[in-house]
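Here is the file input29.csv (CSV, C-alpha atoms).
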chain,number,residue,atom,x,y,z
A,271,MET,CA,18.3,5.9,-5.9
A,272,SER,CA,19.3,6.4,-2.3
A,273,HIS,CA,17.0,7.2,0.5
A,274,LEU,CA,18.3,10.8,0.7
A,275,VAL,CA,17.7,11.5,-3.0
A,276,LEU,CA,14.2,10.1,-2.8
A,277,MET,CA,13.5,12.0,0.4
A,278,THR,CA,14.8,15.2,-1.2
A,279,LEU,CA,12.7,14.6,-4.4
A,280,TYR,CA,9.6,13.9,-2.3
A,281,ALA,CA,10.1,17.1,-0.2
A,282,ALA,CA,10.6,19.2,-3.3
A,283,LEU,CA,7.5,17.8,-5.1
A,284,VAL,CA,5.3,18.3,-2.0
A,285,GLY,CA,6.7,21.8,-1.4
A,286,PHE,CA,6.2,22.8,-5.0
A,287,PHE,CA,2.7,21.4,-5.1
A,288,PHE,CA,1.5,23.2,-2.0
A,289,ALA,CA,3.3,26.5,-2.9
A,290,LEU,CA,1.4,26.5,-6.2
A,291,LEU,CA,-1.9,25.5,-4.6
A,292,TRP,CA,-2.0,27.7,-1.6
A,293,ARG,CA,-0.1,30.8,-2.5
A,294,ARG,CA,-0.3,33.5,-5.2
A,295,GLY,CA,2.7,35.5,-6.2
A,296,ARG,CA,6.2,34.3,-6.8
A,297,LYS,CA,7.6,35.7,-3.5
A,298,GLU,CA,4.9,34.0,-1.3
A,299,GLN,CA,5.2,30.8,-3.2
A,300,THR,CA,9.0,30.7,-2.8
A,301,LYS,CA,8.6,31.3,0.9
A,302,LEU,CA,6.1,28.5,1.4
A,303,PHE,CA,8.1,26.1,-0.8
A,304,LEU,CA,11.2,26.7,1.4
A,305,GLN,CA,9.3,26.3,4.6
A,306,ILE,CA,7.8,23.0,3.5
A,307,PHE,CA,11.0,21.7,1.8
A,308,LEU,CA,13.4,22.6,4.6
A,309,GLY,CA,10.9,21.6,7.3
A,310,MET,CA,10.6,18.1,5.8
A,311,MET,CA,14.3,17.7,5.1
A,312,ILE,CA,15.6,19.1,8.4
A,313,GLY,CA,12.8,17.3,10.3
A,314,ALA,CA,13.5,14.0,8.7
A,315,ILE,CA,17.2,14.2,9.3
A,316,LEU,CA,16.7,15.3,12.9
A,317,VAL,CA,14.3,12.5,13.6
A,318,GLY,CA,16.6,10.0,11.9
A,319,TRP,CA,19.5,11.3,14.0
A,320,LEU,CA,17.4,11.0,17.2
A,321,MET,CA,16.5,7.4,16.4
A,322,TYR,CA,20.1,6.5,15.7
A,323,PRO,CA,20.9,5.2,19.2
A,324,PHE,CA,17.9,2.8,19.1
A,325,PRO,CA,18.3,-0.8,17.9
A,326,THR,CA,17.0,-1.5,14.4
A,327,GLY,CA,15.1,-4.6,15.3
A,328,PRO,CA,14.0,-7.4,12.9
A,329,ALA,CA,13.2,-6.6,9.3
A,330,ALA,CA,9.7,-5.6,8.5
A,331,PRO,CA,7.5,-8.4,7.1
A,332,ILE,CA,6.7,-8.3,3.4
A,333,PRO,CA,3.0,-7.5,2.9
B,114,MET,CA,-19.2,35.5,-4.1
B,115,THR,CA,-18.4,37.3,-7.4
B,116,GLU,CA,-21.0,37.9,-10.1
B,117,ALA,CA,-19.1,35.7,-12.5
B,118,ALA,CA,-19.1,32.9,-9.9
B,119,LYS,CA,-22.8,33.2,-9.3
B,120,SER,CA,-23.4,32.4,-13.0
B,121,VAL,CA,-21.6,29.1,-12.7
B,122,PHE,CA,-24.0,26.2,-12.4
B,123,PRO,CA,-23.2,23.4,-10.0
B,124,LEU,CA,-23.5,21.0,-12.9
B,125,ARG,CA,-20.6,22.7,-14.6
B,126,ALA,CA,-18.5,22.6,-11.4
B,127,LEU,CA,-19.4,18.9,-11.0
B,128,LEU,CA,-18.3,18.3,-14.6
B,129,LEU,CA,-15.1,20.2,-14.1
B,130,ALA,CA,-14.4,18.3,-10.9
B,131,THR,CA,-15.0,15.0,-12.6
B,132,ILE,CA,-12.7,15.9,-15.5
B,133,ALA,CA,-10.1,17.2,-13.0
B,134,TRP,CA,-10.2,13.8,-11.2
B,135,LEU,CA,-10.0,11.7,-14.4
B,136,LEU,CA,-7.2,13.7,-16.0
B,137,PRO,CA,-4.8,15.3,-13.5
B,138,ALA,CA,-4.6,19.1,-13.6
B,139,SER,CA,-7.1,19.3,-16.5
B,140,GLY,CA,-9.6,21.1,-14.3
B,141,HIS,CA,-7.2,24.0,-13.8
B,142,LEU,CA,-6.4,24.0,-17.5
B,143,LEU,CA,-10.1,24.3,-18.4
B,144,LEU,CA,-10.5,27.1,-15.9
B,145,GLY,CA,-7.8,29.0,-17.7
B,146,LYS,CA,-5.0,28.5,-15.1
B,147,ARG,CA,-2.5,27.3,-17.6
B,148,PHE,CA,0.7,28.0,-15.6
B,149,ARG,CA,-0.6,26.3,-12.5
B,150,ALA,CA,-2.0,23.4,-14.5
B,151,PHE,CA,1.4,22.9,-16.1
B,152,GLY,CA,3.1,22.9,-12.7
B,153,PHE,CA,0.6,20.5,-11.2
B,154,VAL,CA,0.7,18.0,-14.0
B,155,ILE,CA,4.5,17.9,-13.9
B,156,VAL,CA,4.4,17.2,-10.1
B,157,LEU,CA,1.8,14.5,-10.4
B,158,LEU,CA,3.4,12.8,-13.3
B,159,ILE,CA,6.8,12.7,-11.7
B,160,ALA,CA,5.3,11.4,-8.4
B,161,PHE,CA,3.2,8.8,-10.1
B,162,GLY,CA,5.8,7.8,-12.6
B,163,LEU,CA,8.5,7.5,-9.9
B,164,GLY,CA,6.1,5.4,-7.8
B,165,LEU,CA,5.7,3.0,-10.6
B,166,ARG,CA,9.4,3.0,-11.4
B,167,LEU,CA,10.2,2.1,-7.8
B,168,GLN,CA,7.6,-0.8,-8.0
B,169,GLY,CA,5.5,0.7,-5.2
B,170,ASN,CA,2.2,-0.7,-4.1
B,171,LEU,CA,-0.8,0.6,-6.1
B,172,TYR,CA,-3.4,-0.1,-3.4
B,173,ARG,CA,-6.4,-2.3,-4.0
B,174,PRO,CA,-9.1,-3.4,-1.6
B,175,THR,CA,-8.0,-6.4,0.5
B,176,ALA,CA,-10.4,-8.5,2.5
B,177,GLY,CA,-9.8,-8.2,6.2
B,178,GLN,CA,-7.8,-5.0,5.9
B,179,PRO,CA,-10.2,-2.1,6.4
B,180,LEU,CA,-7.4,0.5,5.9
B,181,SER,CA,-6.7,-0.9,2.4
B,182,TYR,CA,-10.1,0.5,1.3
B,183,LEU,CA,-9.1,4.0,2.4
B,184,ALA,CA,-5.7,3.6,0.8
B,185,THR,CA,-7.3,2.4,-2.4
B,186,LEU,CA,-9.5,5.5,-2.5
B,187,GLY,CA,-6.4,7.7,-2.0
B,188,ALA,CA,-4.5,5.9,-4.7
B,189,MET,CA,-7.5,6.1,-7.1
B,190,GLY,CA,-7.5,9.9,-6.6
B,191,ILE,CA,-5.0,10.1,-9.5
B,192,GLY,CA,-7.9,9.2,-11.8
B,193,ALA,CA,-7.3,7.6,-15.2
B,194,PRO,CA,-3.6,6.7,-14.7
B,195,TYR,CA,-4.6,4.4,-11.8
B,196,PHE,CA,-7.0,2.4,-14.0
B,197,VAL,CA,-4.6,2.4,-16.9
B,198,ALA,CA,-1.7,1.1,-14.7
B,199,ARG,CA,-3.9,-1.3,-12.8
B,200,TYR,CA,-6.1,-2.8,-15.5
B,201,GLY,CA,-4.4,-1.6,-18.7
B,202,ALA,CA,-0.8,-2.5,-18.0
B,203,GLY,CA,-1.6,-5.1,-15.3
B,204,TYR,CA,0.7,-3.3,-12.8
B,205,GLN,CA,1.2,-5.2,-9.6
B,206,GLY,CA,4.1,-3.6,-7.7
B,207,MET,CA,6.9,-5.6,-6.2
B,208,PRO,CA,7.2,-5.8,-2.4
B,209,GLU,CA,10.7,-7.2,-2.7
B,210,ALA,CA,11.9,-4.2,-4.6
B,211,GLN,CA,14.3,-1.9,-2.8
B,212,GLY,CA,12.2,1.2,-3.4
B,213,PHE,CA,8.8,-0.4,-2.6
B,214,GLU,CA,8.1,1.7,0.5
B,215,TYR,CA,9.1,5.0,-1.2
B,216,GLY,CA,7.2,4.0,-4.4
B,217,THR,CA,4.1,3.3,-2.4
B,218,ILE,CA,4.3,6.7,-0.8
B,219,PHE,CA,4.8,8.4,-4.1
B,220,LEU,CA,1.8,6.7,-5.7
B,221,LEU,CA,-0.4,7.4,-2.7
B,222,SER,CA,0.7,11.0,-2.5
B,223,ALA,CA,0.1,11.6,-6.2
B,224,GLY,CA,-3.5,10.4,-5.7
B,225,LEU,CA,-4.1,12.5,-2.6
B,226,MET,CA,-2.6,15.6,-4.3
B,227,ASN,CA,-4.9,15.2,-7.3
B,228,LEU,CA,-7.9,14.9,-4.9
B,229,LEU,CA,-6.8,18.3,-3.4
B,230,LEU,CA,-6.8,19.7,-7.0
B,231,VAL,CA,-10.3,18.4,-7.5
B,232,LEU,CA,-11.5,20.2,-4.4
B,233,ASP,CA,-9.6,23.4,-5.6
B,234,VAL,CA,-11.3,23.2,-9.0
B,235,TRP,CA,-14.7,22.7,-7.3
B,236,ASP,CA,-14.1,25.8,-5.1
B,237,ILE,CA,-12.9,28.0,-7.9
B,238,ALA,CA,-15.8,26.9,-10.1
B,239,ARG,CA,-18.3,27.6,-7.3
B,240,GLY,CA,-16.7,31.0,-6.5
B,241,ARG,CA,-15.8,29.9,-3.0
B,242,ARG,CA,-12.1,30.7,-3.4
B,243,GLU,CA,-10.5,34.0,-4.1
B,244,ASP,CA,-8.5,33.6,-7.2
B,245,ASP,CA,-6.2,35.6,-9.4
Please re-express this file's structure in structure tokens.
Amino acid sequence: MSHLVLMTLYAALVGFFFALLWRRGRKEQTKLFLQIFLGMMIGAILVGWLMYPFPTGPAAPIP
Amino acid sequence: MTEAAKSVFPLRALLLATIAWLLPASGHLLLGKRFRAFGFVIVLLIAFGLGLRLQGNLYRPTAGQPLSYLATLGAMGIGAPYFVARYGAGYQGMPEAQGFEYGTIFLLSAGLMNLLLVLDVWDIARGRREDD
């Protein structure tokens, strides 16, 4: 699976979880889900885009 | 605090929280929150299963790495599945795997999310949380 698919899945799972945990009522839950999901997706893409000009550096060591 | 909540003994809340930790989302199920329990168990199973599928790191304490103890506590938050995977199936994870980093995050997140559910069950059982 690509990074984008995994990131999307992660954002969806986290958004769904907190919407179910913190909100009552379908409308409120949907609103929080969208806030978390879109916040994570747009935030990650924005940060990734801002990091684009920086050099990648050496590969991370395997723990 | 409601009258119904006052009648709940801390022992019952403790028992519910322990069951909720061992079996993800079972606390909400026992409290009669069937719809939410179903949603939670789906999320946790997908996160944990995907983490295993991606060969992520299921943390264990490592000497000389203090943060590994915290990470282990977080990963153990998923309850029984942690012990089944670790000791039952002998799961190790594979640092060379392409999805290792993502898998680790999925496994850790599943544990931390279940710990939040345990706290939620505790609060509901103690009447500290307004609930539907």
>> From the options B:Tyr182, B:Phe148, B:Tyr204, B:Phe153, which residue's atoms come nearest to chain A, counting all atoms listed in the file?
In response: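 Smallest distance to chain A is found for B:Phe153.
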Give me, as JSON lines, the closest atom pair and its distance (Å, one decimal) for every residue of chain A within a cut-off of 10 Å of chain B, counting only C-alpha atoms, rows sorted by chain and rising number.
{"residue": "A:Met271", "atom": "CA", "partner": "B:Gly212", "partner_atom": "CA", "distance": 8.1}
{"residue": "A:Ser272", "atom": "CA", "partner": "B:Gly212", "partner_atom": "CA", "distance": 8.9}
{"residue": "A:His273", "atom": "CA", "partner": "B:Tyr215", "partner_atom": "CA", "distance": 8.4}
{"residue": "A:Leu276", "atom": "CA", "partner": "B:Tyr215", "partner_atom": "CA", "distance": 7.4}
{"residue": "A:Met277", "atom": "CA", "partner": "B:Tyr215", "partner_atom": "CA", "distance": 8.4}
{"residue": "A:Leu279", "atom": "CA", "partner": "B:Ala160", "partner_atom": "CA", "distance": 9.0}
{"residue": "A:Tyr280", "atom": "CA", "partner": "B:Phe219", "partner_atom": "CA", "distance": 7.5}
{"residue": "A:Ala282", "atom": "CA", "partner": "B:Val156", "partner_atom": "CA", "distance": 9.4}
{"residue": "A:Leu283", "atom": "CA", "partner": "B:Val156", "partner_atom": "CA", "distance": 5.9}
{"residue": "A:Val284", "atom": "CA", "partner": "B:Val156", "partner_atom": "CA", "distance": 8.2}
{"residue": "A:Phe286", "atom": "CA", "partner": "B:Val156", "partner_atom": "CA", "distance": 7.8}
{"residue": "A:Phe287", "atom": "CA", "partner": "B:Phe153", "partner_atom": "CA", "distance": 6.5}
{"residue": "A:Phe288", "atom": "CA", "partner": "B:Met226", "partner_atom": "CA", "distance": 8.9}
{"residue": "A:Leu290", "atom": "CA", "partner": "B:Arg149", "partner_atom": "CA", "distance": 6.6}
{"residue": "A:Leu291", "atom": "CA", "partner": "B:Leu230", "partner_atom": "CA", "distance": 8.0}
{"residue": "A:Trp292", "atom": "CA", "partner": "B:Asp233", "partner_atom": "CA", "distance": 9.6}
{"residue": "A:Arg294", "atom": "CA", "partner": "B:Asp245", "partner_atom": "CA", "distance": 7.5}
{"residue": "A:Gly295", "atom": "CA", "partner": "B:Asp245", "partner_atom": "CA", "distance": 9.5}
{"residue": "A:Pro331", "atom": "CA", "partner": "B:Pro208", "partner_atom": "CA", "distance": 9.9}
{"residue": "A:Ile332", "atom": "CA", "partner": "B:Pro208", "partner_atom": "CA", "distance": 6.3}
{"residue": "A:Pro333", "atom": "CA", "partner": "B:Pro208", "partner_atom": "CA", "distance": 7.0}
> atom CA of Leu304 of chain A and atom CA of Leu274 of chain A, how far apart in Å?
Replying inline: 17.4 Å
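Nearest-residue note for Ile132 of chain B: choosing from B:Thr217, B:Gln205, B:Phe196, B:Leu144, the minimum distance belongs to B:Leu144, counting only C-alpha atoms.
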>> Residues proximal to (12.5, 11.6, 8.7) were defined as those with any atom within 12 Å of that point in the file's coordinates, counting only C-alpha atoms. Which are they, as a list in words?
In response: His273, Leu274, Leu276, Met277, Thr278, Tyr280, Ala281, Leu308, Gly309, Met310, Met311, Ile312, Gly313, Ala314, Ile315, Leu316, Val317, Gly318, Trp319, Leu320, Met321 and Tyr322 of chain A
>> Between atom CA of Gly164 of chain B and atom CA of Ile191 of chain B, what is the distance in Å, rounded to a tenth?
In response: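 We find that atom CA of Gly164 of chain B and atom CA of Ile191 of chain B lie 12.2 Å from each other.
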